[in-house]
>>> print(open('input.cif').read())   # mmCIF, C-alpha atoms and all ligand atoms
data_structure
loop_
_atom_site.label_atom_id
_atom_site.label_comp_id
_atom_site.auth_asym_id
_atom_site.auth_seq_id
_atom_site.Cartn_x
_atom_site.Cartn_y
_atom_site.Cartn_z
CA MET V 1 -2.09 8.47 -25.50
CA SER V 2 -3.42 9.63 -28.84
CA ALA V 3 -6.71 11.59 -29.18
CA GLU V 4 -7.05 14.95 -27.39
CA SER V 5 -10.45 14.13 -25.86
CA GLU V 6 -9.48 10.69 -24.58
CA MET V 7 -9.86 10.13 -20.85
CA PHE V 8 -7.92 7.47 -18.97
CA LEU V 9 -8.40 5.88 -15.59
CA ILE V 10 -5.63 4.73 -13.25
CA ARG V 11 -6.63 2.76 -10.15
CA VAL V 12 -4.02 1.64 -7.61
CA PRO V 13 -4.73 -0.43 -4.48
CA ALA V 14 -3.49 0.28 -0.97
CA SER V 15 -1.19 -2.23 0.68
CA THR V 16 -0.10 -3.56 4.02
CA ALA V 17 3.56 -4.42 4.41
CA ASN V 18 5.54 -6.85 6.56
CA LEU V 19 2.72 -8.94 8.11
CA GLY V 20 5.05 -9.10 11.08
CA PRO V 21 8.36 -10.79 10.26
CA GLY V 22 8.33 -10.16 6.47
CA PHE V 23 10.00 -6.78 7.05
CA ASP V 24 10.66 -4.90 3.78
CA SER V 25 9.91 -8.10 1.89
CA ILE V 26 6.24 -9.17 2.18
CA GLY V 27 3.19 -7.12 1.21
CA LEU V 28 -0.51 -7.62 0.61
CA ALA V 29 -2.73 -5.47 -1.63
CA LEU V 30 -5.92 -4.15 -0.04
CA GLY V 31 -9.21 -2.90 -1.45
CA LEU V 32 -8.83 0.82 -0.82
CA TYR V 33 -7.96 2.78 -3.96
CA LEU V 34 -6.16 5.82 -5.31
CA GLU V 35 -7.88 6.83 -8.55
CA ILE V 36 -6.87 9.23 -11.27
CA HIS V 37 -9.06 10.27 -14.18
CA GLY V 38 -6.91 12.15 -16.67
CA SER V 39 -6.84 13.68 -20.12
CA SER V 40 -4.51 15.82 -22.23
CA SER V 41 -4.30 19.52 -21.43
CA ASP V 42 -2.15 22.54 -22.32
CA HIS V 43 -0.66 22.57 -18.79
CA TRP V 44 -0.31 20.23 -15.81
CA GLU V 45 -3.29 20.53 -13.49
CA VAL V 46 -4.12 18.28 -10.53
CA VAL V 47 -7.70 18.55 -9.27
CA PRO V 48 -8.28 16.91 -5.86
CA LEU V 49 -11.59 15.07 -5.55
CA SER V 50 -11.09 13.87 -1.98
CA GLU V 51 -10.23 15.94 1.07
CA GLU V 52 -6.81 14.42 1.82
CA MET V 53 -5.64 15.02 -1.76
CA SER V 54 -6.33 18.76 -1.43
CA VAL V 55 -3.13 19.31 0.61
CA PHE V 56 -0.89 18.47 -2.35
CA PRO V 57 0.39 20.83 -5.09
CA ARG V 58 -2.04 21.25 -7.96
CA ASP V 59 0.55 21.71 -10.70
CA ASP V 60 3.56 19.75 -11.93
CA ARG V 61 5.16 19.91 -8.45
CA ASN V 62 2.63 17.23 -7.42
CA TYR V 63 4.43 14.03 -6.34
CA ILE V 64 2.46 11.83 -8.76
CA VAL V 65 3.40 14.10 -11.68
CA GLN V 66 7.04 14.25 -10.53
CA ILE V 67 7.23 10.43 -10.45
CA ALA V 68 5.60 10.24 -13.89
CA LYS V 69 8.05 12.74 -15.39
CA GLU V 70 11.09 11.02 -13.85
CA THR V 71 9.93 7.62 -15.06
CA ALA V 72 9.35 8.91 -18.61
CA ALA V 73 12.70 10.74 -18.54
CA SER V 74 14.48 7.47 -17.72
CA TYR V 75 13.29 6.30 -21.18
CA GLY V 76 14.33 9.61 -22.81
CA LYS V 77 10.69 10.81 -23.08
CA GLU V 78 9.06 14.07 -22.07
CA LEU V 79 5.40 13.79 -21.10
CA SER V 80 2.79 16.09 -22.61
CA PRO V 81 0.77 17.82 -19.85
CA CYS V 82 -2.49 16.46 -18.47
CA ARG V 83 -5.40 17.46 -16.31
CA LEU V 84 -5.72 14.90 -13.53
CA PHE V 85 -8.68 14.37 -11.20
CA VAL V 86 -7.29 12.57 -8.14
CA SER V 87 -9.24 10.87 -5.37
CA SER V 88 -8.05 8.48 -2.70
CA GLU V 89 -9.58 6.20 -0.07
CA ILE V 90 -6.12 5.44 1.37
CA PRO V 91 -5.45 7.37 4.58
CA LEU V 92 -2.08 9.18 4.54
CA ALA V 93 0.82 8.12 6.77
CA ARG V 94 -1.13 5.34 8.52
CA GLY V 95 0.84 2.33 7.25
CA LEU V 96 -1.47 1.49 4.36
CA GLY V 97 0.98 2.30 1.57
CA SER V 98 -0.32 5.70 0.43
CA SER V 99 3.15 6.76 -0.75
CA ALA V 100 3.64 3.56 -2.76
CA SER V 101 0.20 3.96 -4.31
CA ALA V 102 1.10 7.52 -5.38
CA ILE V 103 4.39 6.24 -6.85
CA VAL V 104 2.69 3.41 -8.76
CA ALA V 105 0.04 5.87 -10.00
CA GLY V 106 2.83 8.13 -11.31
CA ILE V 107 4.47 5.20 -13.10
CA GLU V 108 1.14 4.18 -14.63
CA LEU V 109 0.64 7.80 -15.72
CA ALA V 110 4.02 7.81 -17.46
CA ASN V 111 3.19 4.45 -19.02
CA ILE V 112 -0.10 5.67 -20.54
CA VAL V 113 0.85 9.20 -21.55
CA GLY V 114 4.38 8.33 -22.66
CA GLU V 115 3.27 5.07 -24.33
CA LEU V 116 6.11 3.23 -22.56
CA HIS V 117 4.52 -0.26 -22.71
CA LEU V 118 6.04 -1.23 -19.36
CA SER V 119 5.67 -4.76 -18.02
CA ASN V 120 4.61 -5.30 -14.39
CA GLU V 121 8.19 -6.27 -13.65
CA GLU V 122 9.46 -2.94 -15.00
CA LYS V 123 6.75 -0.97 -13.16
CA ASN V 124 7.67 -2.73 -9.94
CA ARG V 125 11.40 -2.13 -10.47
CA HIS V 126 10.80 1.63 -10.86
CA ALA V 127 8.35 1.73 -7.94
CA SER V 128 10.71 -0.18 -5.61
CA LEU V 129 13.60 2.13 -6.53
CA PHE V 130 11.48 5.17 -5.66
CA GLU V 131 10.07 3.61 -2.47
CA GLY V 132 13.28 1.86 -1.35
CA HIS V 133 11.59 -1.47 -0.58
CA PRO V 134 9.36 -3.74 -2.69
CA ASP V 135 6.66 -4.77 -0.22
CA ASN V 136 4.11 -1.97 -0.72
CA ALA V 137 5.20 -1.16 -4.27
CA GLY V 138 4.99 -4.80 -5.41
CA ALA V 139 1.56 -5.31 -3.82
CA SER V 140 0.21 -2.16 -5.49
CA VAL V 141 1.53 -3.27 -8.89
CA TYR V 142 0.74 -7.00 -8.83
CA GLY V 143 -2.06 -7.35 -6.25
CA GLY V 144 -2.32 -10.32 -3.89
CA LEU V 145 0.53 -11.27 -1.60
CA VAL V 146 4.00 -10.34 -2.81
CA VAL V 147 7.32 -11.62 -1.55
CA GLY V 148 10.32 -9.68 -2.74
CA LEU V 149 13.96 -8.75 -2.47
CA HIS V 150 15.06 -5.33 -3.69
CA THR V 151 18.62 -4.08 -4.11
CA GLU V 152 20.13 -1.25 -6.15
CA GLU V 153 20.97 -3.84 -8.82
CA ARG V 154 17.71 -5.76 -9.17
CA THR V 155 14.23 -6.37 -7.81
CA ASP V 156 12.77 -9.87 -7.57
CA VAL V 157 9.13 -10.21 -6.60
CA VAL V 158 6.83 -13.22 -6.62
CA SER V 159 3.09 -12.61 -6.26
CA PHE V 160 0.15 -14.90 -5.69
CA PRO V 161 -3.58 -14.44 -5.00
CA ILE V 162 -4.92 -14.82 -1.47
CA GLU V 163 -8.35 -16.09 -0.47
CA GLY V 164 -10.01 -17.58 2.58
CA VAL V 165 -9.06 -15.11 5.30
CA LYS V 166 -10.69 -11.94 6.62
CA VAL V 167 -8.67 -8.77 7.09
CA ILE V 168 -9.60 -6.14 9.67
CA ALA V 169 -7.65 -2.89 9.94
CA VAL V 170 -7.55 -0.80 13.10
CA ILE V 171 -6.67 2.67 11.83
CA PRO V 172 -5.65 5.18 14.53
CA ASN V 173 -6.68 8.80 14.36
CA PHE V 174 -3.06 10.00 14.15
CA GLU V 175 -0.36 9.88 11.48
CA LEU V 176 3.02 8.18 11.79
CA LEU V 177 5.43 8.93 8.98
CA THR V 178 7.29 5.86 7.73
CA GLU V 179 10.53 7.79 8.00
CA ASP V 180 9.94 8.48 11.71
CA SER V 181 9.00 4.86 12.33
CA ARG V 182 12.18 3.66 10.57
CA ASN V 183 14.33 6.00 12.64
CA VAL V 184 13.72 3.94 15.79
CA LEU V 185 15.09 0.75 14.19
CA PRO V 186 18.56 -0.50 15.19
CA ASN V 187 21.55 -0.47 12.84
CA SER V 188 22.35 -4.09 13.52
CA LEU V 189 20.76 -7.23 14.90
CA SER V 190 22.35 -10.15 16.73
CA TYR V 191 22.98 -13.30 14.68
CA LYS V 192 20.52 -15.17 16.93
CA ASP V 193 17.74 -12.60 16.40
CA ALA V 194 18.34 -12.51 12.65
CA ILE V 195 17.98 -16.29 12.40
CA SER V 196 14.89 -16.29 14.56
CA GLY V 197 13.31 -13.40 12.60
CA SER V 198 14.07 -15.02 9.28
CA ALA V 199 12.70 -18.39 10.45
CA ALA V 200 9.47 -16.68 11.58
CA ALA V 201 9.10 -15.08 8.12
CA ASN V 202 9.76 -18.41 6.39
CA VAL V 203 7.24 -20.27 8.54
CA MET V 204 4.68 -17.50 8.06
CA LEU V 205 5.02 -17.81 4.30
CA ALA V 206 4.74 -21.60 4.51
CA GLY V 207 1.58 -21.05 6.58
CA VAL V 208 0.13 -18.75 3.89
CA LEU V 209 0.91 -21.28 1.14
CA SER V 210 -0.68 -24.13 3.09
CA LYS V 211 -3.61 -21.91 4.21
CA ASP V 212 -2.75 -22.54 7.86
CA TRP V 213 -3.93 -19.11 9.01
CA LYS V 214 -3.58 -19.97 12.70
CA LEU V 215 0.12 -20.53 12.13
CA VAL V 216 0.33 -17.34 10.06
CA GLY V 217 -1.20 -15.39 12.96
CA GLU V 218 1.28 -16.86 15.43
CA MET V 219 4.22 -16.00 13.18
CA MET V 220 2.89 -12.47 12.62
CA GLN V 221 3.42 -11.96 16.34
CA SER V 222 6.91 -13.52 16.32
CA ASP V 223 8.69 -10.73 14.47
CA ARG V 224 12.23 -9.80 15.54
CA PHE V 225 13.00 -7.19 12.88
CA HIS V 226 10.88 -4.15 13.62
CA GLN V 227 7.88 -4.49 15.93
CA PRO V 228 9.88 -4.78 19.18
CA TYR V 229 11.56 -1.45 18.37
CA ARG V 230 8.43 0.30 17.13
CA ALA V 231 6.33 -0.81 20.13
CA GLU V 232 6.97 2.48 21.96
CA LEU V 233 5.42 4.41 19.02
CA VAL V 234 2.37 2.14 18.81
CA PRO V 235 1.28 1.20 22.36
CA HIS V 236 -2.14 0.13 20.99
CA LEU V 237 -0.52 -2.85 19.15
CA ALA V 238 -0.21 -4.99 22.32
CA LEU V 239 -3.79 -4.10 23.35
CA ILE V 240 -5.12 -5.07 19.92
CA GLU V 241 -3.21 -8.37 20.06
CA GLU V 242 -5.08 -9.11 23.32
CA VAL V 243 -8.50 -8.42 21.77
CA VAL V 244 -7.62 -10.59 18.76
CA LEU V 245 -6.66 -13.44 21.08
CA ASN V 246 -9.86 -13.08 23.14
CA GLU V 247 -12.10 -12.96 20.07
CA GLY V 248 -10.53 -16.00 18.42
CA GLY V 249 -8.76 -14.13 15.62
CA PHE V 250 -5.63 -15.58 14.01
CA GLY V 251 -3.25 -12.76 14.88
CA ALA V 252 -2.30 -9.10 14.48
CA ALA V 253 0.70 -7.15 13.22
CA LEU V 254 1.70 -3.59 12.59
CA SER V 255 0.59 -2.62 9.09
CA GLY V 256 3.76 -1.38 7.40
CA ALA V 257 5.42 1.16 9.64
CA GLY V 258 2.16 1.73 11.54
CA PRO V 259 0.21 3.13 13.24
CA THR V 260 -2.51 0.94 11.63
CA VAL V 261 -2.72 -2.62 12.96
CA LEU V 262 -3.74 -5.43 10.65
CA CYS V 263 -5.74 -8.33 12.10
CA LEU V 264 -6.55 -11.66 10.46
CA ALA V 265 -9.54 -13.81 11.30
CA SER V 266 -11.67 -16.61 9.92
CA GLN V 267 -15.04 -15.87 8.29
CA GLU V 268 -16.80 -17.17 11.46
CA LYS V 269 -14.81 -15.05 13.92
CA SER V 270 -14.51 -11.84 11.88
CA GLU V 271 -17.86 -10.32 12.92
CA GLY V 272 -17.13 -10.82 16.63
CA LEU V 273 -13.61 -9.47 16.23
CA LEU V 274 -14.87 -6.41 14.36
CA THR V 275 -17.35 -5.67 17.15
CA GLY V 276 -14.80 -6.36 19.89
CA LEU V 277 -12.27 -4.00 18.31
CA LYS V 278 -14.86 -1.27 17.69
CA ASN V 279 -15.97 -1.44 21.33
CA ARG V 280 -12.41 -1.40 22.67
CA PHE V 281 -11.13 1.38 20.35
CA PRO V 282 -14.06 3.74 19.73
CA GLU V 283 -11.66 6.55 18.79
CA PHE V 284 -10.04 4.51 15.99
CA LEU V 285 -11.50 3.51 12.64
CA VAL V 286 -12.04 -0.27 12.63
CA LYS V 287 -12.78 -1.60 9.18
CA GLU V 288 -12.94 -4.89 7.33
CA LEU V 289 -10.92 -4.59 4.12
CA GLU V 290 -11.00 -6.75 1.02
CA ILE V 291 -7.83 -8.28 -0.37
CA ASP V 292 -7.10 -6.98 -3.89
CA ASN V 293 -5.77 -9.76 -6.10
CA ASP V 294 -5.57 -7.67 -9.29
CA GLY V 295 -3.10 -4.86 -8.61
CA SER V 296 -2.98 -1.54 -10.46
CA TYR V 297 -5.41 -1.10 -13.31
CA THR V 298 -5.54 1.32 -16.23
CA ALA V 299 -8.15 1.84 -18.94
CA ILE V 300 -9.24 4.30 -21.61
CA LEU V 301 -12.82 5.31 -20.81
CA SER V 302 -15.65 4.95 -23.32
CA GLU V 303 -17.86 7.98 -24.17
CA GLN V 304 -20.61 6.45 -22.00
CA GLU V 305 -18.24 6.01 -19.04
CA LYS V 306 -17.13 9.63 -19.38
CA LYS V 307 -20.76 10.83 -19.36
CA GLU V 308 -21.30 9.00 -16.07
CA LEU V 309 -18.52 10.86 -14.24
CA LYS V 310 -20.28 13.18 -11.79
CA PHE V 311 -17.27 15.47 -11.23
CA LEU V 312 -17.14 16.38 -14.94
CA LYS V 313 -20.74 17.69 -14.77
CA SER V 314 -20.25 20.15 -11.90
N1 LIG V 401 -1.38 11.01 -3.51
C1 LIG V 401 -0.30 11.57 -2.98
N2 LIG V 401 0.22 12.67 -3.53
C2 LIG V 401 1.33 13.22 -3.02
N3 LIG V 401 2.00 12.75 -1.94
C3 LIG V 401 1.51 11.67 -1.34
C4 LIG V 401 0.35 11.01 -1.83
N4 LIG V 401 0.13 9.96 -1.04
C5 LIG V 401 1.09 9.95 -0.10
N5 LIG V 401 1.92 10.98 -0.27
C6 LIG V 401 3.10 11.32 0.56
O1 LIG V 401 3.47 10.20 1.31
C7 LIG V 401 3.41 10.51 2.73
C8 LIG V 401 3.00 9.30 3.49
O2 LIG V 401 3.93 8.29 3.23
P1 LIG V 401 4.45 7.36 4.35
O3 LIG V 401 4.96 8.14 5.52
O4 LIG V 401 5.38 6.40 3.71
O5 LIG V 401 3.14 6.60 4.87
P2 LIG V 401 2.16 5.58 4.14
O6 LIG V 401 2.79 5.22 2.81
O7 LIG V 401 2.11 4.44 5.08
O8 LIG V 401 0.84 6.24 4.00
C9 LIG V 401 2.39 11.62 2.83
O9 LIG V 401 2.56 12.37 4.01
C10 LIG V 401 2.72 12.41 1.57
O10 LIG V 401 3.85 13.21 1.76
N1 LIG V 402 8.62 -2.25 5.23
C1 LIG V 402 8.29 -0.85 5.44
C2 LIG V 402 6.84 -0.64 5.05
C3 LIG V 402 6.37 0.77 5.21
O1 LIG V 402 4.99 0.79 4.86
P1 LIG V 402 4.11 2.10 5.02
O2 LIG V 402 2.76 1.74 4.50
O3 LIG V 402 4.09 2.42 6.48
O4 LIG V 402 4.79 3.16 4.20
C4 LIG V 402 8.49 -0.50 6.91
O5 LIG V 402 8.03 -1.28 7.75
O6 LIG V 402 9.13 0.53 7.21
#
>>> encode(input="input.cif", output="structure tokens")
Amino acid sequence: MSAESEMFLIRVPASTANLGPGFDSIGLALGLYLEIHGSSSDHWEVVPLSEEMSVFPRDDRNYIVQIAKETAASYGKELSPCRLFVSSEIPLARGLGSSASAIVAGIELANIVGELHLSNEEKNRHASLFEGHPDNAGASVYGGLVVGLHTEERTDVVSFPIEGVKVIAVIPNFELLTEDSRNVLPNSLSYKDAISGSAAANVMLAGVLSKDWKLVGEMMQSDRFHQPYRAELVPHLALIEEVVLNEGGFGAALSGAGPTVLCLASQEKSEGLLTGLKNRFPEFLVKELEIDNDGSYTAILSEQEKKELKFLKS
């Protein structure tokens, strides 16, 4: 970044991982956003603009700043400090990829301030290394549906845009940390279960590519890798699957590590499903979400755009 008065915008989408059998491999970007408006400063300052962001450190101990510094350091660069206004629509620890969005935001911050000129592939490699799996990270970087394999040595992700299906999220009123939800998973799987789980993921992907959403929904509910073990933590999953079936939806799956449940439906059935889910789970937030096919976005704001920012006026 060059001029002192320049203001930049970073916008990173939320994501849903797994879609059932695509455990740690498949992700989809969703239209809820983490946004940062930033500019140069003489010290690091993080100003929360949404309630959930107010729990995090307001100086360079903030996770987003830490990620940015580490990313820049891996290229031998030290970042000059910034003042960052942070707001987020992504609920924390609900299985909608808030941690991956924070990581990708930190990488974008390093990219802008440190003038790193990173490609999407490089951003995703860093993000997957921080996150440990490429499903949420890849979706937040590339947008659309991502299919990936991440190891210590390399990260391979293929992304493609998704249209023609409605997404409804049932977001419980409690948090479930990904770490806790991973702790209930087994250390090994039988050969038979591994083959069955992998076949379900393959067929699901073939269903996505051929726009056979009914098949996708069926495969979402045929996971062998994680949902059977996480069921005890998310008893609402089975109940939601029932409502989806009754309302003619395609299927449901745990969103990431949960507790949110992701439901797919056709345009015609989505309204009825939304109402059915709201009636059955009045204590949960039931929301239709857009699919984001663009991934993370950064821009330098014009003078006019800066003038329009309400939080700079107060
Ligand atoms: N914007 C953020 N700034 C700092 N930490 C964050 C931010 N977003 C998420 N986190 C961290 O990530 C945790 C949630 O991550 P995780 O358990 O993986 O759930 P999920 O990614 O599904 O929301 C939060 O409790 C918080 O510690
Ligand atoms: N594949 C991971 C995805 C975790 O997603 P999150 O949004 O819950 O952080 C898993 O299932 O553990």
>>> residues_near_ligand(input="input.cif", ligand="ligand LIG 402 (chain V)", cutoff="7 Å", atoms="all atoms listed in the file", output="ChimeraX atom specification")
/V:15-18,23-25,93-99,133,135-136,178,181-182,255-258
>>> closest_residue(input="input.cif", among="V:Ala72, V:Val261, V:His126, V:Lys214", to="ligand LIG 401 (chain V)", atoms="only C-alpha atoms and all ligand atoms")
V:Val261
>>> residues_around(input="input.cif", residues="V:Lys278", least_positions_apart="4", cutoff="12 Å", atoms="all atoms listed in the file", output="PyMOL selection string")
chain V and resi 168-172+240+243-244+271-274+282-288
>>> closest_residue(input="input.cif", among="V:Pro81, V:His37, V:Ala110, V:Gly20", to="V:Met219", atoms="only C-alpha atoms")
V:Gly20
>>> atom_distance(input="input.cif", atom1="atom N4 of ligand LIG 401 (chain V)", atom2="atom CA of V:Asp292")
18.6 Å
>>> residues_near_point(input="input.cif", point="(-5.9, 8.1, -14.4)", cutoff="6 Å", atoms="only C-alpha atoms", output="list in words")
Phe8, Leu9, Ile10, Ile36, His37 and Gly38 of chain V
>>> write_last_selection(input="input.cif", atoms="C-alpha atoms", output="short mmCIF file (atom, residue, chain, number, x, y, z; two decimals), keeping the file's coordinate frame")
data_model
loop_
_atom_site.label_atom_id
_atom_site.label_comp_id
_atom_site.auth_asym_id
_atom_site.auth_seq_id
_atom_site.Cartn_x
_atom_site.Cartn_y
_atom_site.Cartn_z
CA PHE V 8 -7.92 7.47 -18.97
CA LEU V 9 -8.40 5.88 -15.59
CA ILE V 10 -5.63 4.73 -13.25
CA ILE V 36 -6.87 9.23 -11.27
CA HIS V 37 -9.06 10.27 -14.18
CA GLY V 38 -6.91 12.15 -16.67
#
>>> axis_aligned_box(input="input.cif", around="stretch 242-250 of chain V", padding_each_side="3 Å", output="JSON")
{"center_x": -8.6, "center_y": -12.2, "center_z": 18.7, "size_x": 13.0, "size_y": 13.6, "size_z": 15.3}
>>> atom_distance(input="input.cif", atom1="atom CA of V:Gly138", atom2="atom CA of V:Asn124")
5.7 Å
>>> residues_near_point(input="input.cif", point="(4.5, 2.0, -20.8)", cutoff="12 Å", atoms="all atoms listed in the file", output="PyMOL selection string")
chain V and resi 1+68+71-72+74-75+77+79+106-123+126+298
>>> atom_distance(input="input.cif", atom1="atom P2 of ligand LIG 401 (chain V)", atom2="atom CA of V:Leu92")
5.6 Å
>>> closest_residue(input="input.cif", among="V:Met7, V:Ala127, V:Leu176, V:Leu209", to="ligand LIG 401 (chain V)", atoms="all atoms listed in the file")
V:Leu176
>>> residues_around(input="input.cif", residues="V:Val203", least_positions_apart="4", cutoff="8 Å", atoms="only C-alpha atoms", output="PDB file with C-alpha atoms, in the coordinates of the input")
ATOM      1  CA  ALA V 199      12.700 -18.390  10.450  1.00  0.00           C
ATOM      2  CA  GLY V 207       1.580 -21.050   6.580  1.00  0.00           C
ATOM      3  CA  LEU V 215       0.120 -20.530  12.130  1.00  0.00           C
ATOM      4  CA  VAL V 216       0.330 -17.340  10.060  1.00  0.00           C
ATOM      5  CA  MET V 219       4.220 -16.000  13.180  1.00  0.00           C
TER       6      MET V 219
END
